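Asker: Sharing work-v3.cif here; it has mmCIF, C-alpha atoms and all ligand atoms.
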data_start
#
loop_
_atom_site.group_PDB
_atom_site.id
_atom_site.type_symbol
_atom_site.label_atom_id
_atom_site.label_comp_id
_atom_site.auth_asym_id
_atom_site.auth_seq_id
_atom_site.Cartn_x
_atom_site.Cartn_y
_atom_site.Cartn_z
ATOM 1 C CA MET S 1 200.393 253.733 106.900
ATOM 2 C CA THR S 2 197.516 255.320 108.831
ATOM 3 C CA LEU S 3 194.973 253.068 110.437
ATOM 4 C CA SER S 4 191.400 254.027 111.094
ATOM 5 C CA GLY S 5 188.175 252.511 112.431
ATOM 6 C CA PRO S 6 188.176 248.759 112.992
ATOM 7 C CA ALA S 7 191.840 248.392 111.934
ATOM 8 C CA LEU S 8 192.944 250.835 114.579
ATOM 9 C CA THR S 9 190.836 249.100 117.226
ATOM 10 C CA ALA S 10 192.163 245.703 116.195
ATOM 11 C CA SER S 11 195.763 246.877 116.045
ATOM 12 C CA ARG S 12 195.447 248.444 119.506
ATOM 13 C CA ALA S 13 193.946 245.191 120.756
ATOM 14 C CA ALA S 14 196.905 243.278 119.324
ATOM 15 C CA LEU S 15 199.298 245.646 121.051
ATOM 16 C CA SER S 16 197.507 245.683 124.394
ATOM 17 C CA ALA S 17 197.246 241.884 124.280
ATOM 18 C CA ALA S 18 200.971 241.810 123.710
ATOM 19 C CA LEU S 19 201.721 244.243 126.495
ATOM 20 C CA ALA S 20 199.402 242.470 128.949
ATOM 21 C CA GLU S 21 201.497 239.329 128.485
ATOM 22 C CA GLN S 22 204.752 241.031 129.530
ATOM 23 C CA PRO S 23 205.977 239.759 132.908
ATOM 24 C CA PRO S 24 206.854 242.457 135.436
ATOM 25 C CA VAL S 25 210.532 243.333 135.411
ATOM 26 C CA ASN S 26 212.271 242.163 138.582
ATOM 27 C CA ASP S 27 215.860 241.121 138.089
ATOM 28 C CA ASP S 28 216.845 241.529 141.731
ATOM 29 C CA GLU S 29 216.211 238.150 143.352
ATOM 30 C CA SER S 30 217.525 239.350 146.714
ATOM 31 C CA LEU S 31 214.498 241.602 147.124
ATOM 32 C CA GLU S 32 212.355 240.850 150.210
ATOM 33 C CA PRO S 33 208.559 240.921 149.937
ATOM 34 C CA GLY S 34 207.380 244.470 150.510
ATOM 35 C CA GLU S 35 210.839 245.939 149.948
ATOM 36 C CA ILE S 36 210.937 248.744 147.397
ATOM 37 C CA GLN S 37 213.189 248.157 144.450
ATOM 38 C CA GLU S 38 215.253 251.030 143.122
ATOM 39 C CA VAL S 39 215.161 251.133 139.365
ATOM 40 C CA ASP S 40 217.441 253.227 137.233
ATOM 41 C CA MET S 41 214.657 254.511 134.992
ATOM 42 C CA GLN S 42 216.994 256.481 132.798
ATOM 43 C CA SER S 43 219.278 253.589 131.891
ATOM 44 C CA GLN S 44 216.240 251.316 131.406
ATOM 45 C CA ALA S 45 214.647 253.842 129.078
ATOM 46 C CA GLU S 46 217.915 254.166 127.196
ATOM 47 C CA THR S 47 218.215 250.418 126.555
ATOM 48 C CA ILE S 48 214.577 249.751 125.562
ATOM 49 C CA ARG S 49 213.898 250.896 122.040
ATOM 50 C CA THR S 50 210.470 249.959 120.694
ATOM 51 C CA VAL S 51 209.313 250.365 117.121
ATOM 52 C CA PHE S 52 207.473 253.504 118.264
ATOM 53 C CA ASN S 53 210.581 255.448 119.258
ATOM 54 C CA ASP S 54 213.056 253.913 116.813
ATOM 55 C CA PRO S 55 211.451 252.354 113.720
ATOM 56 C CA THR S 56 214.742 251.014 112.348
ATOM 57 C CA ASN S 57 216.840 250.059 115.393
ATOM 58 C CA PHE S 58 214.208 248.843 117.877
ATOM 59 C CA ASN S 59 215.402 246.085 120.202
ATOM 60 C CA VAL S 60 212.131 245.138 121.929
ATOM 61 C CA LYS S 61 209.217 243.509 120.102
ATOM 62 C CA HIS S 62 205.602 243.195 121.234
ATOM 63 C CA PRO S 63 204.735 239.493 121.462
ATOM 64 C CA LEU S 64 201.337 238.208 120.337
ATOM 65 C CA TYR S 65 199.205 235.839 122.444
ATOM 66 C CA SER S 66 200.444 233.029 120.214
ATOM 67 C CA PRO S 67 202.629 232.518 117.141
ATOM 68 C CA TRP S 68 200.903 232.383 113.733
ATOM 69 C CA THR S 69 201.800 230.808 110.391
ATOM 70 C CA LEU S 70 200.873 232.097 106.943
ATOM 71 C CA TRP S 71 200.102 229.504 104.240
ATOM 72 C CA PHE S 72 199.358 230.089 100.582
ATOM 73 C CA ASP S 73 198.098 228.261 97.525
ATOM 74 C CA SER S 74 197.153 229.202 93.986
ATOM 75 C CA PRO S 75 196.901 227.374 90.649
ATOM 76 C CA GLN S 76 200.625 228.221 90.199
ATOM 77 C CA THR S 77 201.650 226.338 93.363
ATOM 78 C CA LYS S 78 199.957 223.090 92.344
ATOM 79 C CA GLY S 79 202.365 220.199 91.901
ATOM 80 C CA ARG S 80 205.471 222.346 92.464
ATOM 81 C CA ASN S 81 208.056 221.982 95.200
ATOM 82 C CA MET S 82 209.275 225.566 95.147
ATOM 83 C CA PRO S 83 206.363 227.564 93.800
ATOM 84 C CA GLN S 84 206.298 231.081 92.528
ATOM 85 C CA THR S 85 204.687 232.479 95.666
ATOM 86 C CA PRO S 86 203.717 236.150 95.694
ATOM 87 C CA ILE S 87 205.950 236.484 98.727
ATOM 88 C CA SER S 88 209.402 236.470 97.227
ATOM 89 C CA ALA S 89 211.016 237.895 100.381
ATOM 90 C CA PHE S 90 209.973 234.779 102.310
ATOM 91 C CA PRO S 91 211.219 231.454 100.927
ATOM 92 C CA GLN S 92 208.968 228.480 101.563
ATOM 93 C CA THR S 93 209.662 226.595 104.809
ATOM 94 C CA PRO S 94 208.978 222.878 105.444
ATOM 95 C CA VAL S 95 205.615 221.736 106.847
ATOM 96 C CA PRO S 96 205.862 220.211 110.357
ATOM 97 C CA GLN S 97 204.652 216.590 110.428
ATOM 98 C CA THR S 98 201.609 216.301 112.708
ATOM 99 C CA PRO S 99 198.917 213.546 112.618
ATOM 100 C CA GLY S 100 196.572 216.044 110.897
ATOM 101 C CA VAL S 101 199.085 216.488 108.058
ATOM 102 C CA ALA S 102 199.065 212.744 107.293
ATOM 103 C CA ALA S 103 195.239 212.612 107.295
ATOM 104 C CA ALA S 104 194.957 215.661 105.042
ATOM 105 C CA GLN S 105 197.806 214.659 102.743
ATOM 106 C CA GLY S 106 196.044 215.187 99.404
ATOM 107 C CA TRP S 107 194.503 218.489 100.465
ATOM 108 C CA MET S 108 197.746 219.873 101.906
ATOM 109 C CA GLU S 109 199.908 218.900 98.921
ATOM 110 C CA ASP S 110 199.570 222.248 97.164
ATOM 111 C CA ILE S 111 199.341 224.485 100.218
ATOM 112 C CA LYS S 112 202.704 226.065 100.936
ATOM 113 C CA ARG S 113 203.870 227.161 104.351
ATOM 114 C CA VAL S 114 205.246 230.675 104.014
ATOM 115 C CA ILE S 115 206.429 231.941 107.406
ATOM 116 C CA SER S 116 205.670 232.023 111.143
ATOM 117 C CA PHE S 117 205.742 235.112 113.336
ATOM 118 C CA ASP S 118 205.038 235.885 116.971
ATOM 119 C CA SER S 119 205.223 239.658 117.333
ATOM 120 C CA VAL S 120 203.299 242.709 116.178
ATOM 121 C CA GLU S 121 206.403 244.009 114.409
ATOM 122 C CA GLU S 122 206.971 240.779 112.454
ATOM 123 C CA PHE S 123 203.316 240.784 111.416
ATOM 124 C CA TRP S 124 203.655 244.256 109.872
ATOM 125 C CA GLY S 125 206.962 243.237 108.263
ATOM 126 C CA LEU S 126 205.186 240.320 106.597
ATOM 127 C CA TYR S 127 202.075 242.315 105.699
ATOM 128 C CA ASN S 128 204.135 245.001 104.007
ATOM 129 C CA ASN S 129 205.885 242.424 101.829
ATOM 130 C CA ILE S 130 203.057 240.299 100.506
ATOM 131 C CA VAL S 131 200.781 240.747 97.554
ATOM 132 C CA PRO S 132 197.317 241.861 98.719
ATOM 133 C CA PRO S 133 194.275 239.666 97.944
ATOM 134 C CA SER S 134 192.990 242.115 95.290
ATOM 135 C CA GLN S 135 196.122 241.367 93.241
ATOM 136 C CA LEU S 136 196.259 237.599 93.695
ATOM 137 C CA PRO S 137 195.446 235.332 90.766
ATOM 138 C CA GLN S 138 192.062 233.578 90.637
ATOM 139 C CA LYS S 139 191.619 230.508 92.834
ATOM 140 C CA ALA S 140 194.287 231.560 95.336
ATOM 141 C CA ASN S 141 194.056 231.427 99.135
ATOM 142 C CA TYR S 142 195.955 232.913 102.066
ATOM 143 C CA TYR S 143 195.533 230.909 105.265
ATOM 144 C CA LEU S 144 196.682 232.513 108.530
ATOM 145 C CA PHE S 145 196.594 229.840 111.244
ATOM 146 C CA LYS S 146 197.923 229.482 114.766
ATOM 147 C CA GLU S 147 201.317 227.843 114.646
ATOM 148 C CA GLY S 148 201.017 224.053 114.854
ATOM 149 C CA ILE S 149 197.535 223.976 113.293
ATOM 150 C CA ILE S 150 197.349 223.163 109.581
ATOM 151 C CA PRO S 151 194.584 224.731 107.454
ATOM 152 C CA ALA S 152 192.660 221.466 107.075
ATOM 153 C CA TRP S 153 189.483 219.982 108.563
ATOM 154 C CA GLU S 154 191.578 216.963 109.553
ATOM 155 C CA ASP S 155 193.754 218.835 112.076
ATOM 156 C CA GLU S 156 192.952 217.921 115.700
ATOM 157 C CA ALA S 157 192.174 221.586 116.426
ATOM 158 C CA ASN S 158 189.749 221.883 113.492
ATOM 159 C CA LYS S 159 188.054 218.504 113.269
ATOM 160 C CA ASN S 160 185.207 219.404 115.673
ATOM 161 C CA GLY S 161 184.963 222.992 114.452
ATOM 162 C CA GLY S 162 183.469 225.044 111.704
ATOM 163 C CA LYS S 163 183.767 228.336 109.905
ATOM 164 C CA TRP S 164 182.126 231.718 109.626
ATOM 165 C CA SER S 165 182.332 232.929 106.054
ATOM 166 C CA ILE S 166 181.131 235.649 103.764
ATOM 167 C CA GLN S 167 181.252 235.724 100.004
ATOM 168 C CA LEU S 168 181.557 239.122 98.294
ATOM 169 C CA PRO S 169 181.225 239.803 94.536
ATOM 170 C CA LYS S 170 184.579 240.796 93.052
ATOM 171 C CA ASP S 171 183.414 243.746 90.957
ATOM 172 C CA LYS S 172 181.926 245.628 93.916
ATOM 173 C CA ASN S 173 184.607 244.695 96.475
ATOM 174 C CA ARG S 174 187.947 244.910 94.653
ATOM 175 C CA ALA S 175 188.642 248.203 96.414
ATOM 176 C CA HIS S 176 187.632 246.926 99.877
ATOM 177 C CA VAL S 177 188.881 243.349 100.085
ATOM 178 C CA ASP S 178 192.445 244.222 101.120
ATOM 179 C CA LYS S 179 191.268 246.233 104.120
ATOM 180 C CA MET S 180 188.708 243.571 105.025
ATOM 181 C CA TRP S 181 191.460 240.942 105.013
ATOM 182 C CA LEU S 182 193.809 243.175 107.025
ATOM 183 C CA TYR S 183 191.135 243.851 109.663
ATOM 184 C CA THR S 184 190.309 240.130 109.789
ATOM 185 C CA MET S 185 193.966 239.234 110.386
ATOM 186 C CA LEU S 186 194.341 241.949 113.038
ATOM 187 C CA ALA S 187 191.257 240.715 114.882
ATOM 188 C CA ALA S 188 192.672 237.177 114.761
ATOM 189 C CA ILE S 189 196.171 237.968 116.030
ATOM 190 C CA GLY S 190 194.769 240.479 118.538
ATOM 191 C CA GLU S 191 192.308 237.790 119.742
ATOM 192 C CA THR S 192 189.323 240.108 119.622
ATOM 193 C CA PHE S 193 187.001 237.502 118.038
ATOM 194 C CA ASP S 194 186.591 235.461 121.207
ATOM 195 C CA PRO S 195 186.648 237.585 124.373
ATOM 196 C CA SER S 196 186.783 234.520 126.648
ATOM 197 C CA LEU S 197 190.494 234.336 125.856
ATOM 198 C CA THR S 198 191.131 237.494 127.803
ATOM 199 C CA GLN S 199 189.197 236.339 130.881
ATOM 200 C CA ALA S 200 191.411 234.978 133.657
ATOM 201 C CA ASP S 201 191.455 231.196 133.997
ATOM 202 C CA PRO S 202 191.609 230.163 137.711
ATOM 203 C CA SER S 203 193.710 227.096 136.829
ATOM 204 C CA GLY S 204 196.392 229.408 135.480
ATOM 205 C CA SER S 205 196.570 227.574 132.159
ATOM 206 C CA PRO S 206 196.317 229.725 129.052
ATOM 207 C CA PRO S 207 192.654 229.909 127.940
ATOM 208 C CA ASN S 208 191.943 228.375 124.558
ATOM 209 C CA SER S 209 190.555 230.787 122.027
ATOM 210 C CA LEU S 210 187.867 229.424 119.698
ATOM 211 C CA ILE S 211 189.739 230.738 116.692
ATOM 212 C CA THR S 212 192.191 228.485 114.839
ATOM 213 C CA GLY S 213 192.706 230.536 111.688
ATOM 214 C CA VAL S 214 191.423 232.946 109.060
ATOM 215 C CA ILE S 215 191.345 232.588 105.263
ATOM 216 C CA VAL S 216 190.905 234.815 102.241
ATOM 217 C CA SER S 217 190.043 233.130 98.943
ATOM 218 C CA THR S 218 189.909 234.605 95.455
ATOM 219 C CA ARG S 219 187.549 232.918 93.037
ATOM 220 C CA PRO S 220 186.743 233.968 89.457
ATOM 221 C CA GLN S 221 183.735 236.068 90.475
ATOM 222 C CA PHE S 222 183.967 236.575 94.206
ATOM 223 C CA TYR S 223 186.150 236.827 97.303
ATOM 224 C CA ARG S 224 185.535 234.756 100.408
ATOM 225 C CA LEU S 225 186.683 235.556 103.942
ATOM 226 C CA SER S 226 186.491 232.810 106.570
ATOM 227 C CA ILE S 227 187.129 232.466 110.298
ATOM 228 C CA TRP S 228 187.749 228.889 111.444
ATOM 229 C CA THR S 229 186.688 227.871 114.942
ATOM 230 C CA ARG S 230 187.839 225.000 117.170
ATOM 231 C CA LEU S 231 184.273 223.947 118.034
ATOM 232 C CA ALA S 232 180.849 224.023 116.413
ATOM 233 C CA PRO S 233 177.476 223.621 118.164
ATOM 234 C CA SER S 234 176.439 220.041 117.467
ATOM 235 C CA SER S 235 172.789 220.290 118.492
ATOM 236 C CA ALA S 236 170.138 222.941 118.903
ATOM 237 C CA GLU S 237 170.519 222.471 122.695
ATOM 238 C CA ASP S 238 174.173 223.484 122.667
ATOM 239 C CA ASP S 239 173.106 226.988 123.744
ATOM 240 C CA LYS S 240 176.259 228.197 125.467
ATOM 241 C CA LEU S 241 178.577 227.292 122.620
ATOM 242 C CA ARG S 242 176.090 228.573 120.049
ATOM 243 C CA GLU S 243 176.051 231.934 121.824
ATOM 244 C CA ARG S 244 179.850 232.060 121.884
ATOM 245 C CA ILE S 245 180.032 231.131 118.188
ATOM 246 C CA GLU S 246 177.394 233.746 117.332
ATOM 247 C CA GLY S 247 179.460 236.319 119.227
ATOM 248 C CA VAL S 248 182.375 235.578 116.878
ATOM 249 C CA GLY S 249 180.107 235.998 113.822
ATOM 250 C CA LYS S 250 178.627 239.275 115.057
ATOM 251 C CA HIS S 251 182.053 240.691 115.858
ATOM 252 C CA PHE S 252 183.214 239.662 112.382
ATOM 253 C CA LYS S 253 180.200 241.198 110.621
ATOM 254 C CA MET S 254 179.968 244.462 112.536
ATOM 255 C CA SER S 255 183.293 245.387 114.168
ATOM 256 C CA VAL S 256 185.652 243.862 111.620
ATOM 257 C CA LEU S 257 183.805 244.200 108.295
ATOM 258 C CA GLY S 258 181.823 247.296 109.268
ATOM 259 C CA PHE S 259 178.302 246.091 108.397
ATOM 260 C CA SER S 260 175.417 246.950 110.673
ATOM 261 C CA GLU S 261 173.352 244.554 112.763
ATOM 262 C CA GLY S 262 170.497 243.109 110.753
ATOM 263 C CA GLN S 263 171.940 244.374 107.442
ATOM 264 C CA LYS S 264 171.019 241.975 104.624
ATOM 265 C CA LEU S 265 174.052 241.056 102.565
ATOM 266 C CA ALA S 266 172.998 238.134 100.357
ATOM 267 C CA GLY S 267 172.534 238.846 96.653
ATOM 268 C CA PRO S 268 174.009 237.811 93.318
ATOM 269 C CA LEU S 269 177.361 236.134 94.219
ATOM 270 C CA ALA S 270 177.079 237.453 97.811
ATOM 271 C CA THR S 271 176.196 235.565 100.975
ATOM 272 C CA GLU S 272 175.239 236.555 104.474
ATOM 273 C CA VAL S 273 177.857 236.090 107.213
ATOM 274 C CA GLU S 274 177.132 232.417 107.835
ATOM 275 C CA PHE S 275 178.463 229.571 109.939
ATOM 276 C CA LEU S 276 178.788 225.939 108.908
ATOM 277 C CA SER S 277 180.459 223.112 110.802
ATOM 278 C CA HIS S 278 183.312 221.402 108.928
ATOM 279 C CA LYS S 279 181.386 218.149 109.208
ATOM 280 C CA ASP S 280 178.524 219.763 107.269
ATOM 281 C CA SER S 281 180.971 221.276 104.730
ATOM 282 C CA GLU S 282 182.460 217.832 104.122
ATOM 283 C CA LYS S 283 179.040 216.310 103.474
ATOM 284 C CA LYS S 284 178.515 218.137 100.131
ATOM 285 C CA GLY S 285 174.759 218.207 99.803
ATOM 286 C CA GLY S 286 172.437 216.770 102.412
ATOM 287 C CA LYS S 287 171.014 218.882 105.196
ATOM 288 C CA ALA S 288 173.352 221.513 106.627
ATOM 289 C CA ARG S 289 172.618 223.590 109.737
ATOM 290 C CA LYS S 290 173.693 227.134 108.942
ATOM 291 C CA ILE S 291 173.796 229.938 111.486
ATOM 292 C CA ILE S 292 173.383 233.448 110.079
ATOM 293 C CA VAL S 293 174.096 236.737 111.855
HETATM 294 P P1 LIG V 1 187.023 225.079 99.201
HETATM 295 O O1 LIG V 1 188.229 225.547 98.476
HETATM 296 O O2 LIG V 1 186.946 225.340 100.637
HETATM 297 O O3 LIG V 1 185.669 225.549 98.538
HETATM 298 O O4 LIG V 1 186.872 223.510 99.019
HETATM 299 P P2 LIG V 1 185.343 226.317 97.187
HETATM 300 O O5 LIG V 1 186.085 227.577 97.109
HETATM 301 O O6 LIG V 1 183.860 226.424 97.181
HETATM 302 O O7 LIG V 1 185.744 225.356 96.056
HETATM 303 P P3 LIG V 1 186.834 225.565 94.927
HETATM 304 O O8 LIG V 1 186.723 224.296 94.142
HETATM 305 O O9 LIG V 1 186.430 226.779 94.156
HETATM 306 O O10 LIG V 1 188.158 225.705 95.607
HETATM 307 C C1 LIG V 1 186.858 222.876 97.755
HETATM 308 C C2 LIG V 1 187.061 221.399 97.948
HETATM 309 O O11 LIG V 1 188.365 221.174 98.463
HETATM 310 C C3 LIG V 1 186.136 220.716 98.951
HETATM 311 O O12 LIG V 1 184.933 220.326 98.391
HETATM 312 C C4 LIG V 1 186.970 219.533 99.384
HETATM 313 O O13 LIG V 1 186.902 218.517 98.400
HETATM 314 C C5 LIG V 1 188.354 220.115 99.397
HETATM 315 N N1 LIG V 1 188.696 220.631 100.737
HETATM 316 C C6 LIG V 1 188.500 221.868 101.227
HETATM 317 N N2 LIG V 1 188.968 221.940 102.488
HETATM 318 C C7 LIG V 1 188.950 223.128 103.333
HETATM 319 C C8 LIG V 1 189.489 220.719 102.809
HETATM 320 C C9 LIG V 1 190.109 220.212 103.984
HETATM 321 O O14 LIG V 1 190.315 220.880 104.993
HETATM 322 N N3 LIG V 1 190.501 218.918 103.922
HETATM 323 C C10 LIG V 1 190.287 218.128 102.805
HETATM 324 N N4 LIG V 1 190.684 216.872 102.813
HETATM 325 N N5 LIG V 1 189.707 218.617 101.688
HETATM 326 C C11 LIG V 1 189.305 219.895 101.695
#
Re-express the file's structure as structure tokens.
Answerer:
Amino acid sequence: MTLSGPALTASRAALSAALAEQPPVNDDESLEPGEIQEVDMQSQAETIRTVFNDPTNFNVKHPLYSPWTLWFDSPQTKGRNMPQTPISAFPQTPVPQTPGVAAAQGWMEDIKRVISFDSVEEFWGLYNNIVPPSQLPQKANYYLFKEGIIPAWEDEANKNGGKWSIQLPKDKNRAHVDKMWLYTMLAAIGETFDPSLTQADPSGSPPNSLITGVIVSTRPQFYRLSIWTRLAPSSAEDDKLRERIEGVGKHFKMSVLGFSEGQKLAGPLATEVEFLSHKDSEKKGGKARKIIV
């Protein structure tokens, strides 16, 4: 498969994120500070086989910033223990029991956990074996969330957050939705949505990205892509967070989906790229504060 444009950028970001996380190799504990270590480059090169120089027998994988879990639901999964998922190569695995799972019990009943992965190679292995969104049945959803976070408002990581989403009419986007979903996933696992993740934290603890997961939904007449965030600005004065959230939305609209700044997207069955807090989504009606980029 050949990548171009935003996919290539996102894939490179995923790889460079992975490589940046690799600790320096220093097996020789007897080394004094300042002493130069002799490394047998040839034997090292002979033992390290990445997917780039040996696509079938590679022995080194490129880790992601964090592990991710794919979830799935469709009308066919409702009320079944072992559903007909479109991912036959990956049998369903049990859902870990976190407090969020208990709170979201009804909602999570039909959502099936498919598989977790933590490397670039495993991501492509999964991607190449699942049915793309354009071929899913109506009313189906893929949820790609950081491991340990369930795709529900009730999860600790989501309860104060919100989502960027865009709705696209099916007839005009059938040919584009698969790439849009791929680019969205690559931006998520490559952590390009929230650049603060890549800035060094003086405390040494891993910085928390705003992103908890991404979703693609198929509905009878449209597709929806969503990016879930850990936080949502709660008042008009919450300027710093609002700016950070808007940065995620702009990156999504322009770099990931390929629209231009200021481009109007709303129309019959289509929405702008818009942000809503989960608390406002839960309200159903009433006054909601939307952000649009
Ligand atoms: P949806 O699937 O996000 O919206 O939520 P959509 O696609 O507009 O509606 P659909 O009927 O076509 O699927 C639909 C409904 O599911 C919401 O109104 C809630 O009742 C419920 N729901 C959605 N989410 C994301 C959650 C959640 O995280 N937790 C709980 N408890 N219910 C949810």
Asker: Any chance you could resolve the PyMOL selection byres (((not hetatm)) within 10 of (chain V and resi 1)) against this file and give the residues as number ranges by chain?
Answerer: S: 74, 100-101, 103-108, 138-141, 150-155, 158-159, 163, 167, 215, 217-220, 222-224, 226, 278, 281-284
Asker: Tell me which of S:Gly213, S:Pro195, S:Pro75, S:Pro55 sits closest to S:Gly148, counting all atoms listed in the file.
Answerer: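 Result for the nearest residue to S:Gly148: S:Gly213.
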Asker: Show me the residues around (179.4, 243.9, 111.5) - criterion: an atom at most 12 Å away, only C-alpha atoms counted - as a PyMOL selection string.
Answerer: chain S and resi 6+166+180+183-184+193+246-265+272-273+293
Asker: Quick one: of S:Ile36, S:Gly162, S:Val214, S:Glu156, who's nearest to S:Ala187, counting only C-alpha atoms?
Answerer: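 Smallest separation from S:Ala187 among the options: S:Val214.
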Asker: To one decimal place in Å, what is the distance between atom CA of S:Leu64 and atom CA of S:Phe123?
Answerer: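 The value is 9.5 Å.
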Asker: Separation of atom CA of S:Lys290 and atom CA of S:Glu274, in Å?
Answerer: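 Computing the Euclidean distance for atom CA of S:Lys290 and atom CA of S:Glu274 yields 6.4 Å.
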